[in-house]
Amino acid sequence: PLIKDLFGLTDLEVRLARRLGLKKVIIVPGDADQSDWVKKEMGRSGARLLRQMARPDQVVAVTGGTTVAAVAEMMTPTPSLKSAMFVPARGGLGEAVELEANYIASLMAKKTGGDYRLMHVPDQLSDEAREMLLREPHIQEVMELLREARIVIHGIGEATKMAIRRKSSPDEVAHIQHSGAVGEAFGYYFNPNGEIVSRVRTVGLQLDDMGGIESIIAIAGGRSKAQAIAAVCPAVGNDVLITDEAAARAILEET
Ligand code: BG6
């Protein structure tokens with residue numbers, strides 16, 4: 001039998017998929033909050049999934065974060081990914097450079113032999129600045145690619161933790177807390193009902209334009225992210241979730 005079945009994870013995957021309205025859930029054993037090894041295993045599952053799903057000349061949009069970075073780290077040269085184009089899903093979100101979507105897109109390209117584009121955009125744009133940037137040929141090229149994206153792979157964060165990690169001002173952090181936000185993805189903050197209560201204004205994929213994407217893959221684990229995952233997945237319209245056992249059991253209230 002698969003190792004998974006020994007842990008009873010296959011059944012957990014089916015129940016979690018049903019609960020969150022997902023087509024597919026992949027669960028790795030353990031709790032990413034407790035051990036980095038678990039995040040690496042999620043990364044391995046993500047890399048395997050991308051390899052299995054790959055089609056020639058596809059565009060893959062990626063977000064930043066340590067979990068998507070773990071996927072990038074596990075990617076290997078694959079013929080089917082050699083013609084892939086990796087692009088950052090959103091512009092500046094205020095991340096440390098090694099956690100930025102830009103960097104992760106370039107890392108995925110380097111590991112697989114594929115290509116990448118960068119989107120150099122400052123954090124928190126005014127409406128005027130955003131309009132102007134959208135007219136830049138370099139940004140238009142990336143936006144064009146994003147419109148063709150076949151796969152999006154993104155992380156999910158706890159709302160307050162992400163606001164602090166982005167060095168949002170104390171006022172912004174307080175606003176996010178008071179708004180009832182529990183989860184964050186793509187720079188959007190969601191309450192437990194999946195409603196958007198705050199967002200980082202930047203260019204790139206907007207939640208509204210993700211309808212045509214064939215596969216929206218979320219990757220996030222650790223018991224502490226249970227509420228965030230449960231809020232974000234239905235709101236984003238995820239097809240696939242890669243998570244860990246601790247988050248899965250907490251969402252299903254089995255611990
Ligand atoms: C960030 C993304 O880079 O990573 C966020 O912009 C996401 O949308 C976050 O929530 C997740 O980070 P981590 O390190 O917990 O995987």
# chains A, B, ... in the order shown; residues from 1 in each chain; ligands from 1
>>> select_by_dssp(residues="region 21-163 of chain A", states="alpha helix (DSSP H)", output="PyMOL selection string")
chain A and resi 36-53+66-74+79-82+101-112+127-133+137-147+159-163
>>> residues_near_ligand(ligand="ligand 1", cutoff="7 Å", atoms="only C-alpha atoms and all ligand atoms", output="JSON list (two decimals) with all heavy atoms, in the first residue's frame")
[["chain", "number", "residue", "atom", "x", "y", "z"],
["A", 63, "THR", "N", 3.11, 32.84, -7.06],
["A", 63, "THR", "CA", 3.23, 33.88, -6.03],
["A", 63, "THR", "C", 4.51, 33.64, -5.24],
["A", 63, "THR", "O", 5.25, 32.68, -5.51],
["A", 63, "THR", "CB", 2.04, 33.90, -5.05],
["A", 63, "THR", "OG1", 2.12, 32.75, -4.20],
["A", 63, "THR", "CG2", 0.71, 33.93, -5.79],
["A", 64, "GLY", "N", 4.72, 34.49, -4.27],
["A", 64, "GLY", "CA", 5.90, 34.34, -3.43],
["A", 64, "GLY", "C", 5.63, 33.48, -2.20],
["A", 64, "GLY", "O", 4.63, 32.76, -2.14],
["A", 65, "GLY", "N", 6.54, 33.56, -1.23],
["A", 65, "GLY", "CA", 6.36, 32.85, 0.04],
["A", 65, "GLY", "C", 7.27, 31.65, 0.17],
["A", 65, "GLY", "O", 7.79, 31.13, -0.83],
["A", 66, "THR", "N", 7.43, 31.20, 1.39],
["A", 66, "THR", "CA", 8.35, 30.10, 1.66],
["A", 66, "THR", "C", 7.83, 28.76, 1.12],
["A", 66, "THR", "O", 8.61, 27.87, 0.79],
["A", 66, "THR", "CB", 8.61, 29.94, 3.17],
["A", 66, "THR", "OG1", 7.34, 29.73, 3.82],
["A", 66, "THR", "CG2", 9.28, 31.16, 3.78],
["A", 67, "THR", "N", 6.49, 28.61, 1.02],
["A", 67, "THR", "CA", 5.96, 27.31, 0.61],
["A", 67, "THR", "C", 6.08, 27.14, -0.91],
["A", 67, "THR", "O", 6.46, 26.07, -1.39],
["A", 67, "THR", "CB", 4.50, 27.14, 1.08],
["A", 67, "THR", "OG1", 4.37, 27.70, 2.39],
["A", 67, "THR", "CG2", 4.11, 25.68, 1.12],
["A", 68, "VAL", "N", 5.76, 28.20, -1.66],
["A", 68, "VAL", "CA", 5.96, 28.11, -3.12],
["A", 68, "VAL", "C", 7.46, 28.02, -3.42],
["A", 68, "VAL", "O", 7.88, 27.32, -4.34],
["A", 68, "VAL", "CB", 5.28, 29.28, -3.86],
["A", 68, "VAL", "CG1", 5.44, 29.11, -5.37],
["A", 68, "VAL", "CG2", 3.79, 29.35, -3.53],
["A", 93, "LEU", "N", 4.41, 43.16, -3.53],
["A", 93, "LEU", "CA", 3.53, 42.91, -2.38],
["A", 93, "LEU", "C", 4.27, 43.17, -1.07],
["A", 93, "LEU", "O", 3.78, 42.85, 0.01],
["A", 93, "LEU", "CB", 3.00, 41.47, -2.41],
["A", 93, "LEU", "CG", 2.00, 41.13, -3.52],
["A", 93, "LEU", "CD1", 1.63, 39.66, -3.47],
["A", 93, "LEU", "CD2", 0.74, 41.98, -3.41],
["A", 95, "GLU", "N", 7.28, 41.95, -0.10],
["A", 95, "GLU", "CA", 7.99, 40.81, 0.47],
["A", 95, "GLU", "C", 9.50, 41.01, 0.48],
["A", 95, "GLU", "O", 10.04, 41.75, -0.34],
["A", 95, "GLU", "CB", 7.72, 39.58, -0.38],
["A", 95, "GLU", "CG", 6.30, 39.13, -0.35],
["A", 95, "GLU", "CD", 6.03, 38.22, 0.81],
["A", 95, "GLU", "OE1", 6.84, 38.14, 1.75],
["A", 95, "GLU", "OE2", 4.98, 37.60, 0.78],
["A", 99, "LEU", "N", 11.64, 35.98, -1.05],
["A", 99, "LEU", "CA", 10.28, 35.43, -0.97],
["A", 99, "LEU", "C", 9.37, 36.00, -2.04],
["A", 99, "LEU", "O", 8.19, 35.68, -2.13],
["A", 99, "LEU", "CB", 9.67, 35.71, 0.41],
["A", 99, "LEU", "CG", 10.39, 35.13, 1.61],
["A", 99, "LEU", "CD1", 9.64, 35.46, 2.90],
["A", 99, "LEU", "CD2", 10.52, 33.61, 1.47],
["A", 100, "GLU", "N", 9.93, 36.89, -2.86],
["A", 100, "GLU", "CA", 9.13, 37.53, -3.91],
["A", 100, "GLU", "C", 8.77, 36.56, -5.02],
["A", 100, "GLU", "O", 9.57, 35.71, -5.39],
["A", 100, "GLU", "CB", 9.97, 38.63, -4.56],
["A", 100, "GLU", "CG", 9.66, 40.01, -4.13],
["A", 100, "GLU", "CD", 10.43, 41.00, -4.98],
["A", 100, "GLU", "OE1", 10.75, 40.69, -6.15],
["A", 100, "GLU", "OE2", 10.72, 42.08, -4.46],
["A", 101, "ALA", "N", 7.59, 36.80, -5.60],
["A", 101, "ALA", "CA", 7.16, 36.00, -6.75],
["A", 101, "ALA", "C", 8.18, 36.08, -7.89],
["A", 101, "ALA", "O", 8.45, 35.08, -8.56],
["A", 101, "ALA", "CB", 5.80, 36.49, -7.23],
["A", 154, "HIS", "N", -0.05, 29.15, -5.83],
["A", 154, "HIS", "CA", 0.06, 30.25, -4.87],
["A", 154, "HIS", "C", 0.07, 29.77, -3.42],
["A", 154, "HIS", "O", -0.47, 28.71, -3.11],
["A", 154, "HIS", "CB", -1.09, 31.24, -5.07],
["A", 154, "HIS", "CG", -2.44, 30.71, -4.67],
["A", 154, "HIS", "ND1", -2.96, 30.89, -3.41],
["A", 154, "HIS", "CD2", -3.37, 29.99, -5.35],
["A", 154, "HIS", "CE1", -4.16, 30.32, -3.34],
["A", 154, "HIS", "NE2", -4.43, 29.75, -4.50],
["A", 155, "GLY", "N", 0.66, 30.59, -2.56],
["A", 155, "GLY", "CA", 0.66, 30.32, -1.14],
["A", 155, "GLY", "C", -0.55, 30.96, -0.47],
["A", 155, "GLY", "O", -1.30, 31.72, -1.09],
["A", 156, "ILE", "N", -0.75, 30.60, 0.79],
["A", 156, "ILE", "CA", -1.81, 31.19, 1.61],
["A", 156, "ILE", "C", -1.17, 31.57, 2.94],
["A", 156, "ILE", "O", -0.40, 30.79, 3.50],
["A", 156, "ILE", "CB", -2.96, 30.18, 1.86],
["A", 156, "ILE", "CG1", -3.66, 29.81, 0.54],
["A", 156, "ILE", "CG2", -3.97, 30.74, 2.87],
["A", 156, "ILE", "CD1", -4.70, 28.70, 0.68],
["A", 157, "GLY", "N", -1.48, 32.76, 3.44],
["A", 157, "GLY", "CA", -0.91, 33.18, 4.71],
["A", 157, "GLY", "C", -1.98, 33.54, 5.73],
["A", 157, "GLY", "O", -3.14, 33.77, 5.38],
["A", 158, "GLU", "N", -1.58, 33.56, 6.99],
["A", 158, "GLU", "CA", -2.46, 34.10, 8.03],
["A", 158, "GLU", "C", -2.47, 35.61, 7.85],
["A", 158, "GLU", "O", -1.41, 36.22, 7.65],
["A", 158, "GLU", "CB", -1.90, 33.78, 9.40],
["A", 158, "GLU", "CG", -2.04, 32.35, 9.83],
["A", 158, "GLU", "CD", -1.26, 32.13, 11.11],
["A", 158, "GLU", "OE1", -1.76, 32.50, 12.18],
["A", 158, "GLU", "OE2", -0.12, 31.64, 11.02],
["A", 162, "MET", "N", 0.85, 38.02, 7.67],
["A", 162, "MET", "CA", 1.28, 38.54, 6.36],
["A", 162, "MET", "C", 1.38, 40.06, 6.39],
["A", 162, "MET", "O", 2.30, 40.63, 5.81],
["A", 162, "MET", "CB", 0.30, 38.10, 5.26],
["A", 162, "MET", "CG", 0.47, 36.67, 4.82],
["A", 162, "MET", "SD", 2.18, 36.20, 4.44],
["A", 162, "MET", "CE", 2.60, 37.32, 3.13],
["A", 184, "GLU", "N", -4.93, 35.23, 3.75],
["A", 184, "GLU", "CA", -4.43, 36.12, 2.70],
["A", 184, "GLU", "C", -3.89, 35.28, 1.56],
["A", 184, "GLU", "O", -3.26, 34.25, 1.77],
["A", 184, "GLU", "CB", -3.34, 37.02, 3.28],
["A", 184, "GLU", "CG", -2.77, 38.03, 2.31],
["A", 184, "GLU", "CD", -1.76, 37.44, 1.37],
["A", 184, "GLU", "OE1", -1.25, 36.33, 1.61],
["A", 184, "GLU", "OE2", -1.47, 38.09, 0.36],
["A", 185, "ALA", "N", -4.15, 35.75, 0.34],
["A", 185, "ALA", "CA", -3.54, 35.15, -0.85],
["A", 185, "ALA", "C", -3.53, 36.21, -1.95],
["A", 185, "ALA", "O", -4.46, 37.03, -2.02],
["A", 185, "ALA", "CB", -4.34, 33.93, -1.32],
["A", 186, "PHE", "N", -2.49, 36.24, -2.77],
["A", 186, "PHE", "CA", -2.36, 37.21, -3.88],
["A", 186, "PHE", "C", -2.42, 38.67, -3.42],
["A", 186, "PHE", "O", -2.73, 39.55, -4.21],
["A", 186, "PHE", "CB", -3.48, 37.01, -4.92],
["A", 186, "PHE", "CG", -3.51, 35.67, -5.59],
["A", 186, "PHE", "CD1", -4.40, 34.70, -5.18],
["A", 186, "PHE", "CD2", -2.64, 35.39, -6.63],
["A", 186, "PHE", "CE1", -4.44, 33.47, -5.80],
["A", 186, "PHE", "CE2", -2.67, 34.15, -7.26],
["A", 186, "PHE", "CZ", -3.58, 33.19, -6.85],
["A", 187, "GLY", "N", -2.20, 38.91, -2.12],
["A", 187, "GLY", "CA", -2.33, 40.29, -1.64],
["A", 187, "GLY", "C", -3.76, 40.67, -1.26],
["A", 187, "GLY", "O", -4.03, 41.81, -0.90],
["A", 220, "ALA", "N", -0.25, 25.28, 1.06],
["A", 220, "ALA", "CA", -0.14, 25.88, 2.40],
["A", 220, "ALA", "C", -0.39, 24.82, 3.44],
["A", 220, "ALA", "O", -1.31, 24.01, 3.28],
["A", 220, "ALA", "CB", -1.17, 27.00, 2.56]]
>>> closest_atom_pairs(of="region 58-168 of chain A", to="region 196-210 of chain A", cutoff="6 Å", atoms="only C-alpha atoms", output="CSV")
residue,atom,partner,partner_atom,distance
A:Ala89,CA,A:Leu205,CA,5.5
A:Arg90,CA,A:Gly204,CA,4.2
A:Gly91,CA,A:Val203,CA,5.3
A:Gln124,CA,A:Arg201,CA,5.2
A:Leu125,CA,A:Arg201,CA,5.7
>>> residues_around(residues="region 33-36 of chain A", least_positions_apart="4", cutoff="9 Å", atoms="only C-alpha atoms", output="PyMOL selection string")
chain A and resi 40-41+221-225+246
>>> select_by_dssp(residues="region 95-170 of chain A", states="strand (DSSP E or B)", output="PyMOL selection string")
chain A and resi 115-116+151-155+157-158
>>> write_last_selection(atoms="C-alpha atoms", output="short mmCIF file (atom, residue, chain, number, x, y, z; two decimals), in the first residue's frame")
data_model
loop_
_atom_site.label_atom_id
_atom_site.label_comp_id
_atom_site.auth_asym_id
_atom_site.auth_seq_id
_atom_site.Cartn_x
_atom_site.Cartn_y
_atom_site.Cartn_z
CA ASP A 115 12.00 30.65 -19.16
CA TYR A 116 10.75 33.47 -16.94
CA ILE A 151 -1.68 27.10 -14.13
CA VAL A 152 -1.41 29.32 -11.08
CA ILE A 153 0.37 28.11 -7.98
CA HIS A 154 0.06 30.25 -4.87
CA GLY A 155 0.66 30.32 -1.14
CA GLY A 157 -0.91 33.18 4.71
CA GLU A 158 -2.46 34.10 8.03
#
>>> residues_around(residues="His138 (chain A)", least_positions_apart="2", cutoff="10 Å", atoms="only C-alpha atoms", output="list of chain:residue names")
A:Arg117, A:Leu118, A:Met119, A:His120, A:Leu133, A:Leu134, A:Arg135, A:Glu136, A:Gln140, A:Glu141, A:Val142, A:Met143
>>> write_last_selection(atoms="C-alpha atoms", output="PDB file, in the first residue's frame")
ATOM      1  CA  ARG A 117       9.705  37.100 -16.902  1.00  0.00           C
ATOM      2  CA  LEU A 118       9.982  39.575 -14.060  1.00  0.00           C
ATOM      3  CA  MET A 119       7.582  42.283 -12.999  1.00  0.00           C
ATOM      4  CA  HIS A 120       9.441  45.106 -11.295  1.00  0.00           C
ATOM      5  CA  LEU A 133       2.598  51.238 -15.119  1.00  0.00           C
ATOM      6  CA  LEU A 134      -0.047  49.269 -16.988  1.00  0.00           C
ATOM      7  CA  ARG A 135       0.879  51.277 -20.072  1.00  0.00           C
ATOM      8  CA  GLU A 136       4.555  50.282 -19.859  1.00  0.00           C
ATOM      9  CA  GLN A 140       2.016  44.809 -20.780  1.00  0.00           C
ATOM     10  CA  GLU A 141       4.070  41.857 -21.951  1.00  0.00           C
ATOM     11  CA  VAL A 142       3.793  40.183 -18.540  1.00  0.00           C
ATOM     12  CA  MET A 143       0.077  41.004 -18.325  1.00  0.00           C
TER      13      MET A 143
END
